[in-house]
>>> print(open('target16.txt').read())   # compact mmCIF, C-alpha atoms and all ligand atoms
# COMPACT_ATOMS: atom_id res chain seq x y z
CA ALA A 1 1.08 55.34 39.14
CA ILE A 2 1.42 58.97 38.11
CA ASP A 3 -1.72 61.11 37.90
CA VAL A 4 -1.25 62.88 34.56
CA SER A 5 -4.78 64.23 34.33
CA THR A 6 -3.71 67.83 34.91
CA LEU A 7 -0.25 67.53 33.35
CA SER A 8 -1.22 68.50 29.81
CA LYS A 9 -2.79 71.74 30.99
CA GLN A 10 0.34 72.67 32.92
CA THR A 11 2.99 71.56 30.44
CA GLY A 12 1.32 71.06 27.07
CA TYR A 13 2.35 67.39 27.37
CA THR A 14 0.12 64.71 25.79
CA ALA A 15 0.71 60.95 26.23
CA LEU A 16 0.03 58.84 23.12
CA ASP A 17 -1.03 55.36 24.23
CA TYR A 18 -2.54 53.18 21.49
CA GLY A 19 -5.03 50.77 23.03
CA PHE A 20 -4.55 52.35 26.51
CA VAL A 21 -1.82 49.81 27.22
CA ASN A 22 -0.31 51.97 29.95
CA THR A 23 -3.03 54.43 30.92
CA ALA A 24 -5.47 54.06 33.80
CA ALA A 25 -8.74 55.88 33.18
CA THR A 26 -10.06 55.46 36.71
CA ARG A 27 -9.45 54.27 40.24
CA SER A 28 -11.67 51.31 41.19
CA ASP A 29 -12.39 49.19 44.28
CA ILE A 30 -14.15 46.40 42.42
CA THR A 31 -11.82 43.92 40.73
CA TYR A 32 -8.14 43.16 41.24
CA ILE A 33 -6.03 41.47 38.57
CA ASP A 34 -2.36 40.55 38.75
CA GLY A 35 -1.70 39.51 35.17
CA GLU A 36 1.87 38.34 35.81
CA SER A 37 0.77 35.87 38.49
CA GLY A 38 -2.64 34.98 37.03
CA ILE A 39 -4.66 36.33 39.97
CA LEU A 40 -8.25 37.58 39.78
CA ARG A 41 -10.27 38.76 42.78
CA TYR A 42 -13.69 40.38 43.04
CA ARG A 43 -13.75 42.81 45.99
CA GLY A 44 -10.81 40.87 47.46
CA TYR A 45 -12.33 37.36 47.10
CA PRO A 46 -10.36 34.94 44.86
CA ILE A 47 -12.30 33.96 41.76
CA ASP A 48 -11.90 30.20 42.34
CA GLN A 49 -13.54 30.44 45.79
CA LEU A 50 -16.48 32.40 44.39
CA ALA A 51 -16.91 30.11 41.38
CA GLU A 52 -16.90 27.06 43.63
CA ASN A 53 -19.15 28.27 46.45
CA ALA A 54 -21.18 31.38 45.62
CA SER A 55 -24.33 31.99 43.60
CA PHE A 56 -24.48 34.33 40.61
CA LEU A 57 -26.69 36.86 42.39
CA GLU A 58 -24.55 36.75 45.53
CA VAL A 59 -21.52 37.70 43.43
CA ALA A 60 -23.55 40.36 41.61
CA TRP A 61 -24.42 41.96 44.95
CA LEU A 62 -20.78 41.70 46.06
CA LEU A 63 -19.58 43.48 42.92
CA ILE A 64 -22.23 46.19 43.04
CA TYR A 65 -22.33 46.89 46.79
CA GLY A 66 -18.83 45.91 47.93
CA ASP A 67 -19.47 43.13 50.50
CA LEU A 68 -21.09 39.72 50.45
CA PRO A 69 -24.82 40.07 51.11
CA THR A 70 -26.39 38.92 54.36
CA GLU A 71 -29.00 36.18 54.00
CA ASP A 72 -31.80 38.79 54.20
CA GLU A 73 -30.14 41.12 51.70
CA LEU A 74 -29.67 38.28 49.22
CA ALA A 75 -33.24 37.03 49.68
CA ASP A 76 -34.60 40.55 49.13
CA PHE A 77 -32.36 41.13 46.07
CA ASP A 78 -33.42 37.81 44.56
CA GLU A 79 -37.10 38.51 45.27
CA ARG A 80 -36.98 41.99 43.70
CA ILE A 81 -35.28 40.59 40.60
CA ARG A 82 -37.92 37.84 40.28
CA ARG A 83 -40.66 40.49 40.46
CA HIS A 84 -39.14 42.42 37.53
CA THR A 85 -38.61 39.66 34.97
CA LEU A 86 -41.64 40.40 32.80
CA LEU A 87 -41.12 42.45 29.65
CA HIS A 88 -43.74 44.91 28.45
CA GLU A 89 -45.85 43.04 25.89
CA ASP A 90 -45.17 45.79 23.32
CA LEU A 91 -41.47 44.99 23.42
CA LYS A 92 -42.21 41.57 21.93
CA ARG A 93 -43.18 43.24 18.65
CA PHE A 94 -39.62 44.47 18.47
CA PHE A 95 -38.30 40.91 18.12
CA SER A 96 -40.73 40.01 15.34
CA ALA A 97 -39.67 43.11 13.38
CA LEU A 98 -36.13 41.77 13.01
CA PRO A 99 -35.01 39.21 10.41
CA SER A 100 -35.27 35.66 11.76
CA GLY A 101 -31.56 35.10 11.11
CA ALA A 102 -30.52 38.21 13.07
CA HIS A 103 -27.41 37.73 15.18
CA PRO A 104 -28.51 37.34 18.83
CA MET A 105 -25.90 39.88 20.01
CA ALA A 106 -27.33 42.54 17.70
CA VAL A 107 -30.81 41.66 18.96
CA LEU A 108 -29.68 41.85 22.60
CA SER A 109 -27.98 45.23 22.29
CA SER A 110 -30.81 46.84 20.33
CA ALA A 111 -33.52 45.39 22.58
CA THR A 112 -31.62 46.73 25.61
CA SER A 113 -31.75 50.22 24.08
CA ALA A 114 -35.39 49.70 23.20
CA LEU A 115 -36.13 48.63 26.78
CA SER A 116 -35.25 52.11 28.04
CA THR A 117 -38.13 53.61 26.06
CA PHE A 118 -40.52 51.91 28.49
CA TYR A 119 -38.99 53.77 31.43
CA GLU A 120 -38.89 57.36 30.26
CA GLY A 121 -38.54 59.72 33.21
CA LYS A 122 -37.30 56.82 35.36
CA THR A 123 -33.66 56.60 34.31
CA ASP A 124 -32.08 59.71 35.83
CA PRO A 125 -28.45 58.92 36.85
CA ASP A 126 -28.73 61.57 39.58
CA ASN A 127 -31.75 59.89 41.18
CA PRO A 128 -30.53 57.05 43.49
CA GLU A 129 -33.94 55.37 43.46
CA HIS A 130 -33.94 55.26 39.65
CA VAL A 131 -30.38 53.93 39.61
CA GLU A 132 -31.11 51.14 42.11
CA THR A 133 -34.37 50.11 40.44
CA ASN A 134 -32.72 50.02 37.03
CA ILE A 135 -30.03 47.69 38.39
CA ILE A 136 -32.88 45.33 39.31
CA ARG A 137 -34.69 45.88 36.00
CA LEU A 138 -31.62 45.15 33.92
CA LEU A 139 -30.59 42.09 35.94
CA ALA A 140 -34.14 40.76 35.72
CA LYS A 141 -34.99 41.53 32.10
CA LEU A 142 -31.76 41.04 30.16
CA PRO A 143 -31.71 37.25 30.59
CA VAL A 144 -35.29 37.20 29.28
CA ILE A 145 -34.29 39.34 26.29
CA ALA A 146 -31.23 37.13 25.75
CA ALA A 147 -33.39 34.01 25.72
CA TYR A 148 -35.84 35.69 23.32
CA ALA A 149 -32.89 36.60 21.06
CA HIS A 150 -31.98 32.90 21.09
CA LYS A 151 -35.57 31.80 20.43
CA THR A 152 -35.91 34.35 17.60
CA SER A 153 -32.75 32.99 15.98
CA ILE A 154 -34.22 29.44 15.90
CA GLY A 155 -37.80 30.46 15.13
CA GLN A 156 -39.35 29.21 18.38
CA ALA A 157 -42.06 30.83 20.48
CA PHE A 158 -41.13 32.77 23.63
CA LEU A 159 -41.97 31.48 27.09
CA TYR A 160 -42.93 33.68 30.01
CA PRO A 161 -40.46 33.63 32.89
CA ASP A 162 -41.32 31.26 35.72
CA ASN A 163 -40.54 33.26 38.85
CA SER A 164 -40.71 30.24 41.11
CA LEU A 165 -37.34 29.30 39.61
CA GLY A 166 -33.91 30.63 40.52
CA TYR A 167 -32.04 33.04 38.24
CA VAL A 168 -30.04 30.48 36.26
CA GLU A 169 -32.80 27.84 36.23
CA ASN A 170 -35.26 30.38 34.86
CA PHE A 171 -32.77 31.36 32.19
CA LEU A 172 -32.26 27.74 31.14
CA ARG A 173 -36.00 27.17 30.90
CA LEU A 174 -36.50 30.31 28.83
CA ASN A 175 -33.80 29.11 26.43
CA PHE A 176 -34.65 25.43 26.17
CA GLY A 177 -38.23 25.07 27.31
CA VAL A 178 -40.95 24.75 24.68
CA MET A 179 -44.59 25.74 24.88
CA SER A 180 -46.98 23.30 26.54
CA GLU A 181 -44.26 20.90 27.65
CA PRO A 182 -42.82 20.86 31.16
CA TYR A 183 -39.12 21.64 31.25
CA GLU A 184 -37.04 19.64 33.65
CA ILE A 185 -34.05 21.50 35.00
CA ASP A 186 -30.83 19.53 34.92
CA PRO A 187 -29.03 20.52 38.15
CA VAL A 188 -25.62 19.63 36.70
CA MET A 189 -26.20 21.94 33.77
CA ALA A 190 -27.60 24.71 35.98
CA ARG A 191 -24.63 24.66 38.34
CA ALA A 192 -22.15 24.46 35.44
CA LEU A 193 -23.75 27.47 33.74
CA GLU A 194 -23.87 29.40 37.02
CA ARG A 195 -20.16 28.80 37.52
CA LEU A 196 -19.36 30.02 34.01
CA LEU A 197 -21.49 33.13 34.49
CA ILE A 198 -19.73 33.89 37.80
CA LEU A 199 -16.35 33.67 36.06
CA HIS A 200 -17.51 36.36 33.62
CA GLU A 201 -19.10 38.75 36.11
CA ASP A 202 -16.38 41.39 36.06
CA HIS A 203 -12.91 41.95 34.67
CA GLU A 204 -11.99 45.51 35.57
CA GLN A 205 -11.44 47.97 32.69
CA ASN A 206 -11.78 45.67 29.66
CA ALA A 207 -13.08 47.12 26.37
CA SER A 208 -16.80 46.64 27.07
CA THR A 209 -16.59 47.90 30.66
CA SER A 210 -14.57 50.92 29.54
CA THR A 211 -17.27 51.52 26.95
CA VAL A 212 -19.96 51.37 29.64
CA ARG A 213 -17.99 53.87 31.71
CA LEU A 214 -17.28 56.18 28.77
CA VAL A 215 -20.92 56.28 27.72
CA GLY A 216 -21.97 56.66 31.37
CA SER A 217 -19.50 59.51 31.82
CA THR A 218 -21.61 61.64 29.46
CA GLY A 219 -24.57 61.36 31.84
CA ALA A 220 -26.21 58.65 29.73
CA ASP A 221 -28.37 56.21 31.70
CA GLN A 222 -27.70 52.55 32.55
CA PHE A 223 -29.70 51.22 29.58
CA ALA A 224 -27.72 53.24 27.03
CA SER A 225 -24.42 52.43 28.73
CA VAL A 226 -25.09 48.68 29.00
CA SER A 227 -26.35 48.55 25.44
CA ALA A 228 -23.08 50.17 24.27
CA GLY A 229 -21.15 47.65 26.39
CA ILE A 230 -22.94 44.78 24.62
CA HIS A 231 -21.89 46.21 21.26
CA ALA A 232 -18.27 46.46 22.43
CA LEU A 233 -18.38 42.90 23.74
CA SER A 234 -19.54 41.53 20.39
CA GLY A 235 -16.14 41.96 18.68
CA PRO A 236 -14.06 38.80 18.08
CA LEU A 237 -11.09 40.26 19.95
CA HIS A 238 -13.28 40.55 23.06
CA GLY A 239 -16.39 38.53 24.00
CA GLY A 240 -17.01 37.44 20.41
CA ALA A 241 -13.92 35.24 20.77
CA ASN A 242 -15.98 32.43 22.36
CA GLU A 243 -17.99 32.11 19.13
CA ALA A 244 -14.82 32.49 17.04
CA VAL A 245 -13.07 29.67 18.95
CA LEU A 246 -15.80 27.19 18.11
CA GLN A 247 -15.79 28.31 14.48
CA MET A 248 -12.01 27.87 14.40
CA LEU A 249 -12.16 24.38 15.92
CA GLY A 250 -14.98 23.40 13.56
CA GLN A 251 -13.03 24.66 10.53
CA ILE A 252 -9.86 22.79 11.52
CA ARG A 253 -11.84 19.59 11.94
CA GLU A 254 -13.82 19.94 8.73
CA SER A 255 -10.83 20.93 6.60
CA GLY A 256 -8.79 17.93 7.79
CA GLU A 257 -5.84 20.28 8.31
CA SER A 258 -3.45 19.05 11.01
CA VAL A 259 -3.31 21.07 14.23
CA GLN A 260 0.42 21.52 13.71
CA ARG A 261 -0.16 23.01 10.24
CA PHE A 262 -2.83 25.36 11.61
CA VAL A 263 -0.43 26.54 14.33
CA GLU A 264 2.24 27.17 11.65
CA ARG A 265 -0.22 29.34 9.75
CA VAL A 266 -0.93 31.30 12.94
CA LYS A 267 2.79 31.80 13.58
CA ASN A 268 3.38 32.95 9.99
CA LYS A 269 0.42 35.31 10.42
CA GLU A 270 -1.00 33.89 7.16
CA ASP A 271 -4.13 35.91 6.23
CA GLY A 272 -4.00 37.39 9.72
CA VAL A 273 -5.15 34.09 11.23
CA LYS A 274 -4.92 34.02 15.04
CA LEU A 275 -5.32 31.34 17.62
CA MET A 276 -8.67 32.51 18.93
CA GLY A 277 -9.14 32.15 22.67
CA PHE A 278 -5.41 32.69 23.22
CA GLY A 279 -3.68 35.81 24.50
CA HIS A 280 -4.80 38.57 26.77
CA ARG A 281 -3.89 42.19 27.28
CA VAL A 282 -3.47 41.77 31.02
CA TYR A 283 -2.67 38.10 31.66
CA LYS A 284 0.89 37.19 30.84
CA ASN A 285 0.33 33.89 32.61
CA TYR A 286 -2.49 31.32 32.52
CA ASP A 287 -5.86 33.13 32.79
CA PRO A 288 -7.20 31.88 36.17
CA ARG A 289 -10.71 31.72 34.70
CA ALA A 290 -9.49 29.52 31.82
CA LYS A 291 -7.90 27.16 34.36
CA ILE A 292 -11.29 26.67 36.05
CA VAL A 293 -13.18 26.33 32.76
CA LYS A 294 -10.70 23.76 31.46
CA GLN A 295 -11.05 21.71 34.62
CA SER A 296 -14.83 21.77 34.44
CA ALA A 297 -15.05 21.07 30.68
CA ASP A 298 -14.22 17.36 31.05
CA GLU A 299 -16.39 17.06 34.14
CA VAL A 300 -19.41 18.80 32.63
CA LEU A 301 -19.28 16.99 29.29
CA ASP A 302 -18.97 13.74 31.18
CA GLN A 303 -21.89 14.53 33.49
CA LEU A 304 -24.03 15.66 30.55
CA GLY A 305 -23.09 12.49 28.69
CA VAL A 306 -21.59 14.40 25.76
CA ASN A 307 -18.48 13.25 23.92
CA ASP A 308 -17.27 16.09 21.72
CA PRO A 309 -14.13 15.59 19.62
CA LEU A 310 -13.76 19.40 19.55
CA LEU A 311 -12.70 19.26 23.22
CA ASP A 312 -9.86 16.89 22.32
CA LEU A 313 -8.94 19.16 19.43
CA ALA A 314 -8.86 22.18 21.74
CA LYS A 315 -6.59 20.32 24.17
CA GLU A 316 -4.26 19.27 21.36
CA LEU A 317 -4.12 22.86 20.12
CA GLU A 318 -3.33 24.12 23.61
CA GLU A 319 -0.63 21.52 24.14
CA ILE A 320 1.12 22.37 20.87
CA ALA A 321 0.86 26.12 21.43
CA LEU A 322 2.09 26.06 25.01
CA ASN A 323 5.19 24.17 23.93
CA ASP A 324 5.95 26.48 21.03
CA GLU A 325 8.49 29.28 21.23
CA TYR A 326 6.18 31.72 19.34
CA PHE A 327 3.49 31.52 22.03
CA GLN A 328 5.93 31.19 24.93
CA SER A 329 7.94 34.28 24.00
CA ARG A 330 4.75 36.34 23.68
CA ASN A 331 3.21 34.98 26.89
CA LEU A 332 0.19 33.67 25.02
CA TYR A 333 -1.98 31.35 27.14
CA PRO A 334 -5.60 30.24 26.77
CA ASN A 335 -8.03 32.91 27.95
CA VAL A 336 -11.51 32.38 29.41
CA ASP A 337 -13.02 31.98 25.93
CA PHE A 338 -10.91 29.01 24.86
CA TYR A 339 -12.93 26.27 26.56
CA THR A 340 -16.28 27.91 27.35
CA GLY A 341 -17.70 27.33 23.86
CA VAL A 342 -17.23 23.56 24.11
CA ILE A 343 -19.29 23.57 27.32
CA TYR A 344 -22.00 25.89 25.96
CA LYS A 345 -22.24 23.62 22.90
CA ALA A 346 -22.63 20.55 25.13
CA MET A 347 -25.46 22.35 26.94
CA GLY A 348 -27.21 22.84 23.60
CA PHE A 349 -26.64 26.54 22.96
CA PRO A 350 -26.07 27.41 19.29
CA THR A 351 -22.66 28.98 18.57
CA ARG A 352 -24.23 32.35 17.77
CA VAL A 353 -25.64 32.56 21.30
CA PHE A 354 -22.28 32.12 23.08
CA THR A 355 -21.41 35.82 23.32
CA VAL A 356 -24.91 36.58 24.59
CA LEU A 357 -24.13 34.25 27.51
CA PHE A 358 -20.96 36.23 28.14
CA ALA A 359 -23.03 39.44 28.18
CA ILE A 360 -25.45 38.03 30.75
CA GLY A 361 -22.49 37.01 32.87
CA ARG A 362 -20.79 40.41 32.55
CA LEU A 363 -23.91 42.46 33.28
CA PRO A 364 -23.36 42.77 37.07
CA GLY A 365 -19.82 44.01 36.44
CA TRP A 366 -21.03 46.67 34.01
CA LEU A 367 -23.67 47.78 36.50
CA ALA A 368 -21.16 47.86 39.37
CA GLN A 369 -18.64 49.85 37.35
CA TRP A 370 -21.30 52.29 36.08
CA ARG A 371 -22.54 52.80 39.64
CA GLU A 372 -19.05 53.24 41.07
CA GLN A 373 -18.31 55.90 38.48
CA ASN A 374 -21.67 57.55 39.04
CA LEU A 375 -20.96 57.88 42.77
CA ASP A 376 -17.38 59.06 42.28
CA ASN A 377 -17.22 62.82 42.61
CA LYS A 378 -13.86 62.84 40.80
CA SER A 379 -15.30 61.29 37.65
CA LYS A 380 -15.36 63.48 34.55
CA ILE A 381 -16.64 63.07 31.03
CA GLY A 382 -14.28 60.67 29.22
CA ARG A 383 -12.61 62.46 26.36
CA PRO A 384 -9.30 61.08 24.97
CA GLN A 385 -6.88 63.44 23.25
CA GLN A 386 -5.40 62.89 19.80
CA LEU A 387 -2.23 63.83 17.99
CA TYR A 388 -3.39 65.41 14.75
CA THR A 389 -1.46 64.02 11.76
CA GLY A 390 -3.54 65.41 8.90
CA GLU A 391 -3.13 68.27 6.46
CA PRO A 392 -2.35 71.80 7.64
CA GLU A 393 -4.91 74.46 6.71
CA ARG A 394 -5.91 74.30 3.03
CA ARG A 395 -7.93 76.71 0.94
CA TYR A 396 -11.19 75.45 -0.67
CA PRO A 397 -10.97 76.29 -4.41
CA ALA A 398 -13.16 79.33 -5.04
N1 LIG B 1 -2.76 34.20 18.15
C1 LIG B 1 -1.56 34.46 17.56
N2 LIG B 1 -0.77 35.50 17.88
C2 LIG B 1 -1.21 36.32 18.84
C3 LIG B 1 -2.43 36.13 19.49
C4 LIG B 1 -3.21 35.02 19.12
N3 LIG B 1 -4.39 34.76 19.72
N4 LIG B 1 -2.62 37.11 20.39
C5 LIG B 1 -1.54 37.89 20.30
N5 LIG B 1 -0.70 37.43 19.37
C6 LIG B 1 0.62 37.98 19.00
C7 LIG B 1 0.46 39.28 18.20
O1 LIG B 1 0.39 39.01 16.81
C8 LIG B 1 1.73 39.99 18.60
O2 LIG B 1 2.79 39.41 17.88
P1 LIG B 1 4.01 40.31 17.33
O3 LIG B 1 4.73 40.81 18.54
O4 LIG B 1 4.80 39.38 16.48
O5 LIG B 1 3.38 41.42 16.55
C9 LIG B 1 1.91 39.64 20.08
O6 LIG B 1 1.27 38.37 20.21
C10 LIG B 1 1.30 40.63 21.03
O7 LIG B 1 -0.08 40.72 20.73
P2 LIG B 1 -0.95 42.04 20.77
O8 LIG B 1 -2.00 41.95 19.71
O9 LIG B 1 -0.04 43.24 20.74
O10 LIG B 1 -1.58 41.92 22.21
P3 LIG B 1 -2.81 42.75 22.75
O11 LIG B 1 -2.64 42.83 24.21
O12 LIG B 1 -2.96 44.03 22.01
O13 LIG B 1 -4.08 41.85 22.34
C11 LIG B 1 -5.77 40.21 22.42
C12 LIG B 1 -4.74 41.02 23.23
C13 LIG B 1 -6.66 41.16 21.62
C14 LIG B 1 -6.64 39.43 23.39
C15 LIG B 1 -5.02 39.24 21.48
O14 LIG B 1 -4.23 38.34 22.23
C16 LIG B 1 -5.98 38.47 20.58
O15 LIG B 1 -6.35 38.98 19.52
N6 LIG B 1 -6.36 37.21 20.96
C17 LIG B 1 -7.30 36.43 20.17
C18 LIG B 1 -8.74 36.91 20.42
C19 LIG B 1 -9.23 36.51 21.78
O16 LIG B 1 -9.13 35.37 22.21
N7 LIG B 1 -9.83 37.49 22.47
C20 LIG B 1 -10.43 37.28 23.78
C21 LIG B 1 -9.67 38.02 24.83
S1 LIG B 1 -10.29 37.65 26.43
C22 LIG B 1 -11.75 38.48 26.53
O17 LIG B 1 -11.99 39.50 25.96
C23 LIG B 1 -12.71 37.87 27.33
>>> encode(input="target16.txt", output="structure tokens")
Amino acid sequence: AIDVSTLSKQTGYTALDYGFVNTAATRSDITYIDGESGILRYRGYPIDQLAENASFLEVAWLLIYGDLPTEDELADFDERIRRHTLLHEDLKRFFSALPSGAHPMAVLSSATSALSTFYEGKTDPDNPEHVETNIIRLLAKLPVIAAYAHKTSIGQAFLYPDNSLGYVENFLRLNFGVMSEPYEIDPVMARALERLLILHEDHEQNASTSTVRLVGSTGADQFASVSAGIHALSGPLHGGANEAVLQMLGQIRESGESVQRFVERVKNKEDGVKLMGFGHRVYKNYDPRAKIVKQSADEVLDQLGVNDPLLDLAKELEEIALNDEYFQSRNLYPNVDFYTGVIYKAMGFPTRVFTVLFAIGRLPGWLAQWREQNLDNKSKIGRPQQLYTGEPERRYPA
């Protein structure tokens, strides 16, 4: 890699790189991806080993602090997060002020911004105590906000967190529990969700993480940066793809169109239609996360006793695409979003909540990347250049 950061000053040279295809904006110790070979590691640990054996909070600690936690460190981290799950009662009014049909991602990002107003004077990026406490606050409170966004979208009352429960179990209860009825945690569902969340925890400099870093580079606090990251994640080319995949599968099924015909439309780029959940900027091989999700989709649906024809449709679509020259020549493989939606649906999450689940999974990565940048004395305000292509100077008619 060539460090060009001082080149333009010395030579007047500016690199134009649409979509930052070939430009690194930072050095990072957190996540390693080899897109040609389909490898993903967090702090050196292969993703499949973490997804199989670790807990969500253990991986969060690993990403943020660099090594696996000791038993005591993990217990303390977990305990501090449990103690911070409650939201200020005033924040609840925020949810009732929004339309009942509001998209849960819009609710999540705006409520994350709103959350910062309760911590004025306690969010200074130069104060290590503030930074560490806000990592705990965000990890503790965002799942609660996410569940409230879900509950708002279906018109149900909010539950208070039950801090005797683990992170994922608490989240499930907040989403699916109803007032005055005990909620029984399904361990199969809890472990399946935990595994999916681990797979999403970080993915180096993707669009939302780069957004978090860019906003953070201005000196903005973790709340503002994470809220901006949630907005970036909402787009269908990024995290919003998991919702778009389910919509696509549903439309194919309802329209009665054959999968082959749909694939032809994609290849002919008719109306800009894409095979959602396929393709990736970095992976030019099978996304290692998608491999794990695909394997667990059958297993989880089976264990939950759900038979969803959309899973068969997704498999048929994958089979046709992987054997087609259009997709082969462009190295287009299923990405992490291709099969997650089918599992979230089997768990009972509405389609509009899928990207919120991605955000909760990605939160530790955003926090780790923000913190790494904040501690890096080489980091500067992010400020891309442009090549001006507009009019030369013009005179305003007098
Ligand atoms: N369906 C059909 N064609 C595709 C797809 C797709 N899903 N993805 C890429 N292509 C085609 C492009 O049209 C282009 O074809 P061309 O050379 O004939 O013009 C070629 O493959 C290269 O694609 P780019 O758009 O240049 O690739 P880029 O790296 O910029 O985009 C992206 C990556 C955004 C993920 C793209 O593959 C896409 O839009 N996929 C669908 C949305 C999606 O699933 N997003 C989730 C990504 S993973 C994540 O964020 C968690």
>>> closest_residue(input="target16.txt", among="A:Asp29, A:Thr340, A:His238, A:Glu393", to="Arg281 (chain A)", atoms="only C-alpha atoms")
A:His238
>>> residues_near_ligand(input="target16.txt", ligand="ligand LIG 1 (chain B)", cutoff="8 Å", atoms="only C-alpha atoms and all ligand atoms", output="mmCIF file with C-alpha atoms, in the coordinates of the input")
data_model
loop_
_atom_site.group_PDB
_atom_site.id
_atom_site.type_symbol
_atom_site.label_atom_id
_atom_site.label_comp_id
_atom_site.auth_asym_id
_atom_site.auth_seq_id
_atom_site.Cartn_x
_atom_site.Cartn_y
_atom_site.Cartn_z
ATOM 1 C CA GLY A 19 -5.030 50.770 23.030
ATOM 2 C CA VAL A 21 -1.820 49.810 27.220
ATOM 3 C CA ASN A 206 -11.780 45.670 29.660
ATOM 4 C CA ALA A 207 -13.080 47.120 26.370
ATOM 5 C CA LEU A 233 -18.380 42.900 23.740
ATOM 6 C CA PRO A 236 -14.060 38.800 18.080
ATOM 7 C CA LEU A 237 -11.090 40.260 19.950
ATOM 8 C CA HIS A 238 -13.280 40.550 23.060
ATOM 9 C CA GLY A 239 -16.390 38.530 24.000
ATOM 10 C CA GLY A 240 -17.010 37.440 20.410
ATOM 11 C CA ALA A 241 -13.920 35.240 20.770
ATOM 12 C CA ASN A 242 -15.980 32.430 22.360
ATOM 13 C CA VAL A 245 -13.070 29.670 18.950
ATOM 14 C CA VAL A 266 -0.930 31.300 12.940
ATOM 15 C CA LYS A 267 2.790 31.800 13.580
ATOM 16 C CA LYS A 269 0.420 35.310 10.420
ATOM 17 C CA VAL A 273 -5.150 34.090 11.230
ATOM 18 C CA LYS A 274 -4.920 34.020 15.040
ATOM 19 C CA LEU A 275 -5.320 31.340 17.620
ATOM 20 C CA MET A 276 -8.670 32.510 18.930
ATOM 21 C CA GLY A 277 -9.140 32.150 22.670
ATOM 22 C CA PHE A 278 -5.410 32.690 23.220
ATOM 23 C CA GLY A 279 -3.680 35.810 24.500
ATOM 24 C CA HIS A 280 -4.800 38.570 26.770
ATOM 25 C CA ARG A 281 -3.890 42.190 27.280
ATOM 26 C CA VAL A 282 -3.470 41.770 31.020
ATOM 27 C CA PHE A 327 3.490 31.520 22.030
ATOM 28 C CA ARG A 330 4.750 36.340 23.680
ATOM 29 C CA ASN A 331 3.210 34.980 26.890
ATOM 30 C CA LEU A 332 0.190 33.670 25.020
ATOM 31 C CA PRO A 334 -5.600 30.240 26.770
ATOM 32 C CA ASN A 335 -8.030 32.910 27.950
ATOM 33 C CA VAL A 336 -11.510 32.380 29.410
ATOM 34 C CA ASP A 337 -13.020 31.980 25.930
ATOM 35 C CA PHE A 338 -10.910 29.010 24.860
#
>>> residues_around(input="target16.txt", residues="region 37-44 of chain A", least_positions_apart="3", cutoff="7 Å", atoms="only C-alpha atoms", output="list in words")
Asp29, Ile30, Thr31, Tyr32, Ile33, Asp34, Ile47, Leu63, Gly66, Tyr283, Asn285, Tyr286, Asp287 and Pro288 of chain A
>>> residues_around(input="target16.txt", residues="Ala232 (chain A)", least_positions_apart="4", cutoff="7 Å", atoms="only C-alpha atoms", output="list of chain:residue names")
A:Ala207, A:Ser208, A:Thr211, A:Ala228
>>> closest_atom_pairs(input="target16.txt", of="region 190-232 of chain A", to="region 163-166 of chain A", cutoff="12 Å", atoms="all atoms listed in the file", output="tab-separated table")
residue	atom	partner	partner_atom	distance
A:Ala190	CA	A:Gly166	CA	9.8
A:Arg191	CA	A:Gly166	CA	11.2
A:Glu194	CA	A:Gly166	CA	10.7
>>> residues_near_point(input="target16.txt", point="(-45.4, 40.9, 23.4)", cutoff="12 Å", atoms="all atoms listed in the file", output="count of residues only")
18
>>> atom_distance(input="target16.txt", atom1="CA of Glu71 (chain A)", atom2="CA of Ala51 (chain A)")
18.5 Å
>>> closest_atom_pairs(input="target16.txt", of="region 41-71 of chain A", to="region 81-85 of chain A", cutoff="12 Å", atoms="only C-alpha atoms", output="JSON lines")
{"residue": "A:Leu57", "atom": "CA", "partner": "A:Ile81", "partner_atom": "CA", "distance": 9.5}
{"residue": "A:Ala60", "atom": "CA", "partner": "A:Ile81", "partner_atom": "CA", "distance": 11.8}
{"residue": "A:Trp61", "atom": "CA", "partner": "A:Ile81", "partner_atom": "CA", "distance": 11.8}
>>> write_last_selection(input="target16.txt", atoms="C-alpha atoms", output="compact mmCIF listing (two decimals), in the frame of the given file")
# COMPACT_ATOMS: atom_id res chain seq x y z
CA LEU A 57 -26.69 36.86 42.39
CA ALA A 60 -23.55 40.36 41.61
CA TRP A 61 -24.42 41.96 44.95
>>> closest_residue(input="target16.txt", among="A:Met248, A:Leu142, A:Val263, A:Leu108", to="Tyr326 (chain A)", atoms="all atoms listed in the file")
A:Val263
>>> atom_distance(input="target16.txt", atom1="CA of Leu322 (chain A)", atom2="CA of Leu193 (chain A)")
27.3 Å
>>> closest_residue(input="target16.txt", among="A:Thr11, A:Glu184, A:Leu16, A:Pro350", to="Leu387 (chain A)", atoms="all atoms listed in the file")
A:Leu16
